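In what follows, a structure is listed as structure tokens, so that the remarks can point back to it.
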Amino acid sequence: MNEITFSQLTKQDLIDLVKTAIQETDKIKELSNNKLNIIDDELIKINEVAKLFGVSTTTIFNWKRAKKLPSYRISNKVYYKKNEILNCLNKAG
């Protein structure tokens, strides 16, 4: 960790150091939030969804068809956003 000698700092120097530290903290928070958003948008397959709910893949397919679970088609495969599935799971539980 960097050491700072306060006796040689002016009031303005100290203010500038605090502002810089706050800006760096804000940058770290923003990066963390962006990383969480990327994780939240993670796509999972039907077998992982079934495992989370503790039901069969047939049940998940039926829920998808009944529009109870949001799903996304990429090419010929169906995926689910993990954060949306976890939200559904929390509402159900």
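All residue names refer to the structure tokens as shown: chains lettered A, B, ... in order, residues numbered from 1 in each chain, ligands numbered from 1 in order.
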Which residues come within 12 Å of Ala50 of chain A, counting only C-alpha atoms, excluding same-chain residues fewer than 2 positions away, as an MDAnalysis selection string? chainID A and resid 44:48 52:64 69 80 82 85:86 89
Filtering to N, CA and C atoms, could you give me those residues as a short mmCIF file (atom, residue, chain, number, x, y, z; two decimals), in the first residue's frame?
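Contents of part33.cif, freshly written:
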```cif
data_model
loop_
_atom_site.label_atom_id
_atom_site.label_comp_id
_atom_site.auth_asym_id
_atom_site.auth_seq_id
_atom_site.Cartn_x
_atom_site.Cartn_y
_atom_site.Cartn_z
N ILE A 44 -28.25 -20.38 -20.70
CA ILE A 44 -28.15 -21.77 -20.26
C ILE A 44 -29.11 -22.62 -21.09
N LYS A 45 -28.84 -23.91 -21.12
CA LYS A 45 -29.65 -24.85 -21.89
C LYS A 45 -30.76 -25.43 -21.03
N ILE A 46 -31.66 -26.11 -21.70
CA ILE A 46 -32.86 -26.63 -21.05
C ILE A 46 -32.54 -27.59 -19.89
N ASN A 47 -31.49 -28.40 -20.06
CA ASN A 47 -31.17 -29.35 -18.98
C ASN A 47 -30.71 -28.63 -17.71
N GLU A 48 -30.04 -27.47 -17.87
CA GLU A 48 -29.63 -26.71 -16.69
C GLU A 48 -30.84 -26.05 -16.02
N LEU A 52 -32.25 -26.63 -12.18
CA LEU A 52 -32.53 -25.55 -11.23
C LEU A 52 -33.92 -25.68 -10.62
N PHE A 53 -34.92 -26.06 -11.44
CA PHE A 53 -36.28 -26.20 -10.95
C PHE A 53 -36.55 -27.56 -10.33
N GLY A 54 -35.68 -28.52 -10.59
CA GLY A 54 -35.90 -29.87 -10.07
C GLY A 54 -37.02 -30.58 -10.79
N VAL A 55 -37.16 -30.32 -12.10
CA VAL A 55 -38.19 -30.96 -12.91
C VAL A 55 -37.55 -31.55 -14.16
N SER A 56 -38.35 -32.23 -14.97
CA SER A 56 -37.82 -32.84 -16.19
C SER A 56 -37.71 -31.79 -17.30
N THR A 57 -36.93 -32.12 -18.32
CA THR A 57 -36.81 -31.23 -19.47
C THR A 57 -38.14 -31.13 -20.22
N THR A 58 -38.95 -32.18 -20.14
CA THR A 58 -40.28 -32.14 -20.76
C THR A 58 -41.14 -31.06 -20.10
N THR A 59 -41.06 -30.97 -18.78
CA THR A 59 -41.81 -29.93 -18.06
C THR A 59 -41.35 -28.54 -18.48
N ILE A 60 -40.05 -28.36 -18.59
CA ILE A 60 -39.51 -27.06 -19.02
C ILE A 60 -40.01 -26.74 -20.43
N PHE A 61 -39.98 -27.73 -21.31
CA PHE A 61 -40.48 -27.53 -22.67
C PHE A 61 -41.95 -27.10 -22.64
N ASN A 62 -42.74 -27.75 -21.80
CA ASN A 62 -44.17 -27.40 -21.70
C ASN A 62 -44.36 -25.99 -21.14
N TRP A 63 -43.56 -25.62 -20.15
CA TRP A 63 -43.64 -24.27 -19.58
C TRP A 63 -43.24 -23.23 -20.64
N LYS A 64 -42.25 -23.57 -21.44
CA LYS A 64 -41.82 -22.66 -22.52
C LYS A 64 -42.95 -22.48 -23.52
N LEU A 69 -42.01 -19.46 -19.22
CA LEU A 69 -40.58 -19.17 -19.13
C LEU A 69 -40.13 -18.48 -20.41
N TYR A 80 -31.99 -20.11 -22.43
CA TYR A 80 -32.69 -19.33 -21.42
C TYR A 80 -31.66 -18.43 -20.74
N LYS A 82 -30.06 -16.98 -17.68
CA LYS A 82 -29.97 -17.49 -16.31
C LYS A 82 -30.63 -16.54 -15.32
N ILE A 85 -34.38 -16.93 -15.43
CA ILE A 85 -34.80 -18.20 -14.83
C ILE A 85 -34.72 -18.12 -13.31
N LEU A 86 -33.65 -17.51 -12.80
CA LEU A 86 -33.51 -17.36 -11.35
C LEU A 86 -34.62 -16.46 -10.80
N LEU A 89 -37.65 -18.57 -10.63
CA LEU A 89 -37.49 -19.52 -9.54
C LEU A 89 -37.77 -18.85 -8.20
#
```
Could you tell me, as a PyMOL selection string, which residues of segment 43-73 of chain A DSSP assigns to alpha helix (DSSP H) when given the backbone? chain A and resi 46-53+57-65
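Atom CA of Leu43 of chain A lies 14.1 Å from atom CA of Asn87 of chain A.
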